[in-house]
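J.: What follows is a structure written as structure tokens; I'll ask about it next.
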Amino acid sequence: MTSAVKPASETELSEFIRTADAPVEIIGTATKRGLGRPVQAAATLDMSGFAGIIAYEPDELILEAGAGTRLSEVEALIAARGQQLAFEPPDWSALLGSAHSGTLGGLVSCNLSGPRRLKSGAVRDHILGVRGVTGAGDVFKAGARVVKNVTGYDLPKLLTGSYGTLAALTSVILKVLPAPETEETVALTGLNDEAAVRAMSLAMQSACEVSAAAHVPGEAVYLRLEGIEPSVAYRRDRLARALGTPIEVLAAKSSAAKWRAIRDAAMFAENPRHPLWRISVAPSDAPGIIQNLTGSIDFRYFFDWAGGLIWLEVPPTPDASEALVRAAVRNGHVTLIRAPEAVRAAADVFQPQAEALAALSARVKNSFDARHLLNPGRMYRGV
């Protein structure tokens, strides 16, 4: 049984890591524990004590909060001022069987973004600064509470998506943006995968400022428009003319509900034992990948990011059908989002790295955590 440590300050955290003689697993509220490979550690480092809003400057579009702050608290605070996290963070609680959407530190550490990513960017495009403690026990600060921030090597972006393998984050500074006044979604039915990708590509290349594009087979292609009401109405009509096909329109409330479901991959929450893959590819490659898999295994899927992101659910097997899935994707990044712990321990959960990239990753790891104390093996076997 592992012991649990919950530091109350950066000084305590630094002292614990500096004197640790065995690996530790970093968690906030454990909602992301099922992401990545299982960590074998002698102790659990509970970061939930680093919670609370440190500074919120709505006029400057800046928010700083402890890494253990609940994401729901942050979103409620900024929504009250008509603002949002533009990268549309997903809530995978139903998907992963967790109690809530997690913490700000977990969001940043896993670099999780939703459907608006293809227009507004990912978490690392909105992070301005971090504080934390390295694997050597050194307290550090990178970035600042300003949008125009030059830090040489951009450590906040480097730490985003590192899954706690480089440092234990204590606070995060993010850029926030105004939320749209309203939204509508244009829906096109009856399209196969190839036609769906063509329609999404046409929409994204148009001047209609589509903020999200997804294709759910058997349902529709969904194209979201956001902004002030007259602009949304004008762009909806213009998009309909450009597509040259009959459309349906989801009004604001229905549109928001649909995109929450797409953001959270809600259609896969009903089968928690089924492995779930998330595949990032060139949008034009998506239909071919599905075609490569057809006939080999039973699966369910949908496209997000205009075809650049494939969500793929496969039947339960000892290897989550890894060989078949990776063989179908010639160029792209394949990530195992959900599977039993034993499967995640045996599989390459993340895209295997080329030799040169693996060597670079190892040097970065050694510079932050030379003793390999923090979340060892969480991302890659033996690292």
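Here's how to read the names in the structure tokens: chain A, B, ... by the order shown, residue numbers from 1 in each chain, ligand numbers from 1 in the order shown.
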Produce a table with one row for each residue of range 196-298 of chain A that has an atom at most 12 Å from any atom of range 112-121 of chain A, each row naming the nearest atom pair and its distance in Å at one decimal; use only C-alpha atoms; arrange rows by chain and rising residue number; format as JSON lines.
T.:
```
{"residue": "A:Met200", "atom": "CA", "partner": "A:Leu118", "partner_atom": "CA", "distance": 11.9}
{"residue": "A:Ser201", "atom": "CA", "partner": "A:Leu118", "partner_atom": "CA", "distance": 11.8}
{"residue": "A:Met204", "atom": "CA", "partner": "A:Lys119", "partner_atom": "CA", "distance": 9.2}
{"residue": "A:Gln205", "atom": "CA", "partner": "A:Lys119", "partner_atom": "CA", "distance": 11.5}
{"residue": "A:Glu209", "atom": "CA", "partner": "A:Lys119", "partner_atom": "CA", "distance": 8.6}
{"residue": "A:Val210", "atom": "CA", "partner": "A:Lys119", "partner_atom": "CA", "distance": 8.0}
{"residue": "A:Ser211", "atom": "CA", "partner": "A:Arg116", "partner_atom": "CA", "distance": 5.7}
{"residue": "A:Ala212", "atom": "CA", "partner": "A:Arg116", "partner_atom": "CA", "distance": 5.4}
{"residue": "A:Ala213", "atom": "CA", "partner": "A:Pro115", "partner_atom": "CA", "distance": 7.4}
{"residue": "A:Ala214", "atom": "CA", "partner": "A:Pro115", "partner_atom": "CA", "distance": 8.1}
{"residue": "A:His215", "atom": "CA", "partner": "A:Pro115", "partner_atom": "CA", "distance": 11.6}
{"residue": "A:Tyr222", "atom": "CA", "partner": "A:Pro115", "partner_atom": "CA", "distance": 11.0}
{"residue": "A:Leu223", "atom": "CA", "partner": "A:Pro115", "partner_atom": "CA", "distance": 10.5}
{"residue": "A:Arg224", "atom": "CA", "partner": "A:Arg116", "partner_atom": "CA", "distance": 9.3}
{"residue": "A:Leu225", "atom": "CA", "partner": "A:Arg116", "partner_atom": "CA", "distance": 10.8}
{"residue": "A:Glu226", "atom": "CA", "partner": "A:Arg116", "partner_atom": "CA", "distance": 10.6}
{"residue": "A:Ala256", "atom": "CA", "partner": "A:Pro115", "partner_atom": "CA", "distance": 11.7}
{"residue": "A:Lys258", "atom": "CA", "partner": "A:Pro115", "partner_atom": "CA", "distance": 11.2}
{"residue": "A:Trp259", "atom": "CA", "partner": "A:Pro115", "partner_atom": "CA", "distance": 7.6}
{"residue": "A:Arg260", "atom": "CA", "partner": "A:Gly114", "partner_atom": "CA", "distance": 9.0}
{"residue": "A:Ala261", "atom": "CA", "partner": "A:Pro115", "partner_atom": "CA", "distance": 10.4}
{"residue": "A:Ile262", "atom": "CA", "partner": "A:Pro115", "partner_atom": "CA", "distance": 7.5}
{"residue": "A:Arg263", "atom": "CA", "partner": "A:Gly114", "partner_atom": "CA", "distance": 5.1}
{"residue": "A:Asp264", "atom": "CA", "partner": "A:Gly114", "partner_atom": "CA", "distance": 7.9}
{"residue": "A:Ala265", "atom": "CA", "partner": "A:Gly114", "partner_atom": "CA", "distance": 9.8}
{"residue": "A:Arg278", "atom": "CA", "partner": "A:Leu112", "partner_atom": "CA", "distance": 11.8}
{"residue": "A:Ser280", "atom": "CA", "partner": "A:Leu118", "partner_atom": "CA", "distance": 11.8}
{"residue": "A:Pro283", "atom": "CA", "partner": "A:Leu118", "partner_atom": "CA", "distance": 11.3}
```
J.: Using DSSP assignments from the backbone, pull out every residue in range 120-299 of chain A that falls under strand (DSSP E) and give it to me as a PDB file with C-alpha atoms, in the first residue's frame.
T.:
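Result file follows (states13.pdb):
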```
ATOM      1  CA  ILE A 127      -1.237  29.283 -20.788  1.00  0.00           C
ATOM      2  CA  LEU A 128       0.792  32.278 -19.662  1.00  0.00           C
ATOM      3  CA  GLY A 129       2.600  31.032 -16.588  1.00  0.00           C
ATOM      4  CA  VAL A 130       3.080  28.309 -13.993  1.00  0.00           C
ATOM      5  CA  ARG A 131       4.651  27.780 -10.594  1.00  0.00           C
ATOM      6  CA  GLY A 132       5.821  24.415  -9.358  1.00  0.00           C
ATOM      7  CA  VAL A 133       8.546  22.189  -7.961  1.00  0.00           C
ATOM      8  CA  THR A 134      10.899  20.079 -10.071  1.00  0.00           C
ATOM      9  CA  VAL A 139      10.748  25.762  -6.634  1.00  0.00           C
ATOM     10  CA  PHE A 140      10.402  27.608  -9.950  1.00  0.00           C
ATOM     11  CA  LYS A 141       8.251  30.209 -11.659  1.00  0.00           C
ATOM     12  CA  ALA A 142       7.871  30.514 -15.428  1.00  0.00           C
ATOM     13  CA  GLY A 143       5.852  33.122 -17.321  1.00  0.00           C
ATOM     14  CA  ALA A 167       7.245  18.878 -12.208  1.00  0.00           C
ATOM     15  CA  ALA A 168       4.496  19.175  -9.631  1.00  0.00           C
ATOM     16  CA  LEU A 169       2.520  22.297 -10.571  1.00  0.00           C
ATOM     17  CA  THR A 170       1.276  24.519  -7.749  1.00  0.00           C
ATOM     18  CA  SER A 171      -0.393  27.340  -9.728  1.00  0.00           C
ATOM     19  CA  VAL A 172      -1.377  28.190 -13.283  1.00  0.00           C
ATOM     20  CA  ILE A 173      -1.967  31.459 -15.154  1.00  0.00           C
ATOM     21  CA  LEU A 174      -4.372  31.270 -18.093  1.00  0.00           C
ATOM     22  CA  LYS A 175      -5.703  33.684 -20.675  1.00  0.00           C
ATOM     23  CA  LEU A 177     -11.680  35.324 -23.505  1.00  0.00           C
ATOM     24  CA  PRO A 178     -15.192  36.762 -23.886  1.00  0.00           C
ATOM     25  CA  THR A 182     -25.209  33.132 -28.816  1.00  0.00           C
ATOM     26  CA  GLU A 183     -24.651  30.132 -31.046  1.00  0.00           C
ATOM     27  CA  GLU A 184     -26.362  28.026 -33.688  1.00  0.00           C
ATOM     28  CA  THR A 185     -25.417  24.754 -35.333  1.00  0.00           C
ATOM     29  CA  VAL A 186     -25.970  23.879 -38.963  1.00  0.00           C
ATOM     30  CA  ALA A 187     -26.644  20.152 -39.426  1.00  0.00           C
ATOM     31  CA  LEU A 188     -26.324  18.183 -42.676  1.00  0.00           C
ATOM     32  CA  VAL A 210     -17.184  28.109 -38.134  1.00  0.00           C
ATOM     33  CA  SER A 211     -15.960  27.437 -34.577  1.00  0.00           C
ATOM     34  CA  ALA A 212     -16.416  23.650 -34.560  1.00  0.00           C
ATOM     35  CA  ALA A 213     -17.073  20.895 -37.096  1.00  0.00           C
ATOM     36  CA  ALA A 214     -17.910  17.264 -36.358  1.00  0.00           C
ATOM     37  CA  HIS A 215     -19.392  14.238 -38.104  1.00  0.00           C
ATOM     38  CA  VAL A 216     -21.368  11.671 -36.123  1.00  0.00           C
ATOM     39  CA  ALA A 220     -25.277  14.411 -39.097  1.00  0.00           C
ATOM     40  CA  VAL A 221     -22.412  16.713 -39.851  1.00  0.00           C
ATOM     41  CA  TYR A 222     -22.526  19.518 -37.280  1.00  0.00           C
ATOM     42  CA  LEU A 223     -21.094  22.993 -37.934  1.00  0.00           C
ATOM     43  CA  ARG A 224     -21.175  25.556 -35.121  1.00  0.00           C
ATOM     44  CA  LEU A 225     -21.463  29.322 -35.513  1.00  0.00           C
ATOM     45  CA  GLU A 226     -20.898  31.656 -32.550  1.00  0.00           C
ATOM     46  CA  GLY A 227     -21.099  35.397 -31.982  1.00  0.00           C
ATOM     47  CA  GLU A 248     -31.251  21.817 -40.392  1.00  0.00           C
ATOM     48  CA  VAL A 249     -30.557  24.377 -37.699  1.00  0.00           C
ATOM     49  CA  LEU A 250     -30.086  23.710 -33.992  1.00  0.00           C
ATOM     50  CA  LEU A 276     -11.370   4.087 -26.506  1.00  0.00           C
ATOM     51  CA  TRP A 277      -8.769   5.533 -28.863  1.00  0.00           C
ATOM     52  CA  ARG A 278      -8.247   9.182 -29.830  1.00  0.00           C
ATOM     53  CA  ILE A 279      -6.519   9.565 -33.191  1.00  0.00           C
ATOM     54  CA  SER A 280      -5.102  12.848 -34.499  1.00  0.00           C
TER      55      SER A 280
END
```
J.: What's around Leu35 in chain A at 9 Å? Count only C-alpha atoms, leave out sequence neighbours fewer than 6 positions away in its own chain, and write the answer as a PyMOL selection string.
T.: chain A and resi 96+110+163+336-339+344+349+378
J.: Using the selection just defined, write its residues with C-alpha atoms as a JSON list (two decimals), in the first residue's frame.
T.:
```json
[["chain", "number", "residue", "atom", "x", "y", "z"],
["A", 96, "LEU", "CA", -13.68, 7.72, -17.21],
["A", 110, "CYS", "CA", -2.98, 16.48, -19.75],
["A", 163, "TYR", "CA", 1.35, 14.41, -17.39],
["A", 336, "LEU", "CA", -5.40, 5.15, -25.79],
["A", 337, "ILE", "CA", -7.82, 7.21, -23.68],
["A", 338, "ARG", "CA", -9.68, 4.45, -21.85],
["A", 339, "ALA", "CA", -8.81, 0.83, -21.05],
["A", 344, "ARG", "CA", -2.68, 0.35, -20.26],
["A", 349, "VAL", "CA", -0.76, 4.42, -24.57],
["A", 378, "ARG", "CA", 3.18, 7.50, -16.96]]
```
J.: Can you list, as an NGL selection string, every protein, DNA or RNA residue that comes within 10 Å of range 361-365 of chain A when you count only C-alpha atoms, leaving out same-chain residues fewer than 2 positions away?
T.: :A and (135 or 158 or 162 or 165-167 or 353 or 355-359 or 367-372 or 374 or 383)
J.: Could those residues be written to a file, using C-alpha atoms, as a PDB file, in the first residue's frame?
T.:
```pdb
ATOM      1  CA  GLY A 135      12.002  16.532  -9.399  1.00  0.00           C
ATOM      2  CA  LEU A 158       6.656  22.578 -22.308  1.00  0.00           C
ATOM      3  CA  SER A 162       3.699  16.441 -19.633  1.00  0.00           C
ATOM      4  CA  THR A 165       6.443  13.703 -15.349  1.00  0.00           C
ATOM      5  CA  LEU A 166       8.519  16.905 -15.202  1.00  0.00           C
ATOM      6  CA  ALA A 167       7.245  18.878 -12.208  1.00  0.00           C
ATOM      7  CA  GLN A 353       8.428   8.296 -30.364  1.00  0.00           C
ATOM      8  CA  GLU A 355      14.565   7.645 -31.776  1.00  0.00           C
ATOM      9  CA  ALA A 356      15.693  11.278 -32.000  1.00  0.00           C
ATOM     10  CA  LEU A 357      12.538  12.575 -30.323  1.00  0.00           C
ATOM     11  CA  ALA A 358      12.786   9.947 -27.584  1.00  0.00           C
ATOM     12  CA  ALA A 359      16.376  11.024 -26.901  1.00  0.00           C
ATOM     13  CA  SER A 367      16.906  18.182 -16.664  1.00  0.00           C
ATOM     14  CA  PHE A 368      13.707  18.425 -14.582  1.00  0.00           C
ATOM     15  CA  ASP A 369      13.730  15.086 -12.759  1.00  0.00           C
ATOM     16  CA  ALA A 370      17.119  13.379 -12.950  1.00  0.00           C
ATOM     17  CA  ARG A 371      16.169  10.806 -10.307  1.00  0.00           C
ATOM     18  CA  HIS A 372      12.952   9.900 -12.183  1.00  0.00           C
ATOM     19  CA  LEU A 374       7.736  12.029 -10.627  1.00  0.00           C
ATOM     20  CA  VAL A 383      10.798   6.549 -18.719  1.00  0.00           C
TER      21      VAL A 383
END
```
J.: How would you write, as a count of residues only, the set of residues in range 99-315 of chain A that DSSP gives as helix (DSSP H, G or I)?
T.: 76
J.: Out of A:Ala306, A:Ala20, A:Leu312, A:Ala79, which residue has the shortest atom-to-atom distance to Arg198 in chain A when counting only C-alpha atoms?
T.: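 Once distances to Arg198 in chain A are computed over only C-alpha atoms, the minimum belongs to A:Ala306.
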J.: For Arg18 in chain A, work out the shell of residues within 7 Å, counting only C-alpha atoms and skipping chain neighbours fewer than 2 positions away, then give it as number ranges by chain.
T.: A: 14-16, 20, 136-137
J.: Generate the output file for the selected residues, all heavy atoms, as a tab-separated table (two decimals), in the first residue's frame.
T.:
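The result, stored in part21.tsv:
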```
chain	number	residue	atom	x	y	z
A	14	SER	N	8.52	21.15	-1.69
A	14	SER	CA	9.93	21.10	-2.07
A	14	SER	C	10.72	20.17	-1.16
A	14	SER	O	11.53	19.34	-1.63
A	14	SER	CB	10.52	22.51	-2.01
A	14	SER	OG	11.91	22.47	-2.21
A	15	GLU	N	10.48	20.25	0.14
A	15	GLU	CA	11.21	19.41	1.09
A	15	GLU	C	10.87	17.94	0.89
A	15	GLU	O	11.76	17.07	0.94
A	15	GLU	CB	10.87	19.84	2.52
A	15	GLU	CG	11.58	19.05	3.61
A	15	GLU	CD	13.09	19.19	3.57
A	15	GLU	OE1	13.59	20.17	2.96
A	15	GLU	OE2	13.77	18.32	4.14
A	16	PHE	N	9.60	17.64	0.63
A	16	PHE	CA	9.20	16.25	0.43
A	16	PHE	C	9.89	15.67	-0.81
A	16	PHE	O	10.46	14.56	-0.76
A	16	PHE	CB	7.69	16.14	0.29
A	16	PHE	CG	7.24	14.78	-0.16
A	16	PHE	CD1	7.25	13.70	0.72
A	16	PHE	CD2	6.83	14.56	-1.48
A	16	PHE	CE1	6.87	12.44	0.30
A	16	PHE	CE2	6.45	13.30	-1.90
A	16	PHE	CZ	6.47	12.23	-1.01
A	20	ALA	N	12.80	12.71	-1.02
A	20	ALA	CA	12.18	11.44	-1.43
A	20	ALA	C	13.24	10.48	-1.96
A	20	ALA	O	14.16	10.89	-2.67
A	20	ALA	CB	11.11	11.70	-2.48
A	136	ALA	N	13.95	17.74	-8.63
A	136	ALA	CA	15.09	17.96	-7.74
A	136	ALA	C	14.67	18.68	-6.46
A	136	ALA	O	15.50	18.93	-5.58
A	136	ALA	CB	16.16	18.77	-8.45
A	137	GLY	N	13.39	19.07	-6.38
A	137	GLY	CA	12.91	19.79	-5.22
A	137	GLY	C	13.07	21.29	-5.34
A	137	GLY	O	12.90	22.02	-4.35
```
J.: Between A:Ala257, A:Asn271, A:Leu45, A:Gly34, single out the one closest to Ile17 in chain A, counting only C-alpha atoms.
T.: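 Comparing A:Ala257, A:Asn271, A:Leu45, A:Gly34 against Ile17 in chain A, the winner is A:Leu45.
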J.: Just the residues within 9 Å of range 101-103 of chain A, please, counting only C-alpha atoms, with nothing from its chain fewer than 4 positions along; format it as an MDAnalysis selection string.
T.: chainID A and resid 28:32 48 51 67:72 90:94 107:108
J.: Got time to write the residues from that selection, N, CA and C atoms, as an mmCIF file, in the first residue's frame?
T.:
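Once written, result_28.cif looks like this:
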```
data_model
loop_
_atom_site.group_PDB
_atom_site.id
_atom_site.type_symbol
_atom_site.label_atom_id
_atom_site.label_comp_id
_atom_site.auth_asym_id
_atom_site.auth_seq_id
_atom_site.Cartn_x
_atom_site.Cartn_y
_atom_site.Cartn_z
ATOM 1 N N GLY A 28 -4.284 15.274 -8.336
ATOM 2 C CA GLY A 28 -5.014 16.402 -7.786
ATOM 3 C C GLY A 28 -6.211 15.861 -7.027
ATOM 4 N N THR A 29 -7.250 15.505 -7.786
ATOM 5 C CA THR A 29 -8.403 14.820 -7.194
ATOM 6 C C THR A 29 -8.604 13.451 -7.843
ATOM 7 N N ALA A 30 -7.593 12.978 -8.566
ATOM 8 C CA ALA A 30 -7.534 11.622 -9.141
ATOM 9 C C ALA A 30 -8.507 11.389 -10.286
ATOM 10 N N THR A 31 -9.092 12.445 -10.860
ATOM 11 C CA THR A 31 -10.027 12.237 -11.971
ATOM 12 C C THR A 31 -9.325 11.844 -13.264
ATOM 13 N N LYS A 32 -8.024 12.139 -13.390
ATOM 14 C CA LYS A 32 -7.274 11.810 -14.611
ATOM 15 C C LYS A 32 -6.362 10.601 -14.394
ATOM 16 N N SER A 48 -4.142 18.546 -3.996
ATOM 17 C CA SER A 48 -5.426 19.242 -3.862
ATOM 18 C C SER A 48 -5.378 20.392 -2.863
ATOM 19 N N ALA A 51 -5.250 24.880 -3.824
ATOM 20 C CA ALA A 51 -6.525 25.228 -4.452
ATOM 21 C C ALA A 51 -6.897 26.667 -4.122
ATOM 22 N N ALA A 67 -3.155 25.010 -8.681
ATOM 23 C CA ALA A 67 -3.302 23.854 -9.565
ATOM 24 C C ALA A 67 -4.369 22.884 -9.073
ATOM 25 N N GLY A 68 -4.658 22.887 -7.768
ATOM 26 C CA GLY A 68 -5.679 21.997 -7.226
ATOM 27 C C GLY A 68 -7.083 22.552 -7.270
ATOM 28 N N THR A 69 -7.264 23.715 -7.883
ATOM 29 C CA THR A 69 -8.588 24.341 -7.975
ATOM 30 C C THR A 69 -9.482 23.552 -8.920
ATOM 31 N N ARG A 70 -10.714 23.296 -8.509
ATOM 32 C CA ARG A 70 -11.651 22.576 -9.373
ATOM 33 C C ARG A 70 -11.908 23.377 -10.649
ATOM 34 N N LEU A 71 -11.901 22.700 -11.779
ATOM 35 C CA LEU A 71 -12.200 23.340 -13.058
ATOM 36 C C LEU A 71 -13.592 23.952 -13.039
ATOM 37 N N SER A 72 -14.546 23.282 -12.409
ATOM 38 C CA SER A 72 -15.916 23.804 -12.343
ATOM 39 C C SER A 72 -15.961 25.150 -11.620
ATOM 40 N N PRO A 90 -12.799 19.670 -21.932
ATOM 41 C CA PRO A 90 -13.817 18.618 -21.836
ATOM 42 C C PRO A 90 -14.034 18.153 -20.402
ATOM 43 N N ASP A 91 -15.183 17.591 -20.181
ATOM 44 C CA ASP A 91 -15.519 16.944 -18.908
ATOM 45 C C ASP A 91 -15.630 15.451 -19.194
ATOM 46 N N TRP A 92 -14.591 14.703 -18.873
ATOM 47 C CA TRP A 92 -14.563 13.268 -19.163
ATOM 48 C C TRP A 92 -14.960 12.437 -17.949
ATOM 49 N N SER A 93 -15.676 13.030 -16.998
ATOM 50 C CA SER A 93 -16.048 12.296 -15.790
ATOM 51 C C SER A 93 -16.919 11.086 -16.115
ATOM 52 N N ALA A 94 -17.897 11.239 -16.992
ATOM 53 C CA ALA A 94 -18.736 10.095 -17.366
ATOM 54 C C ALA A 94 -17.936 9.070 -18.165
ATOM 55 N N LEU A 107 -5.984 19.483 -15.878
ATOM 56 C CA LEU A 107 -6.312 19.921 -17.237
ATOM 57 C C LEU A 107 -5.060 20.319 -17.994
ATOM 58 N N VAL A 108 -4.210 21.136 -17.348
ATOM 59 C CA VAL A 108 -2.982 21.602 -17.985
ATOM 60 C C VAL A 108 -2.005 20.442 -18.184
#
```
J.: Could you list, as number ranges by chain, every residue within 9 Å of Pro38 in chain A, counting only C-alpha atoms and ignoring same-chain residues fewer than 5 positions away?
T.: A: 33, 341-342, 344-345, 375, 377-379
J.: Find the residue from A:Thr44, A:Thr11, A:Ser254, A:Ser231 that sits nearest to Leu373 in chain A; use only C-alpha atoms when measuring.
T.: A:Thr44
J.: Grab the CA of Phe268 in chain A to CA of Ser284 in chain A distance for me, in Å with one decimal place.
T.: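 Pair CA of Phe268 in chain A / CA of Ser284 in chain A returns 23.9 Å.
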J.: So how many Å separate CA of Thr19 in chain A and CA of Gly106 in chain A, to one decimal?
T.: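 Interatomic distance, CA of Thr19 in chain A to CA of Gly106 in chain A: 24.4 Å.
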J.: Considering only C-alpha atoms, can you say which of A:Ala8, A:Ala43, A:Val325, A:Met267 comes closest to Ala22 in chain A?
T.: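 Checking each of A:Ala8, A:Ala43, A:Val325, A:Met267 against Ala22 in chain A, counting only C-alpha atoms, the winner is A:Ala43.
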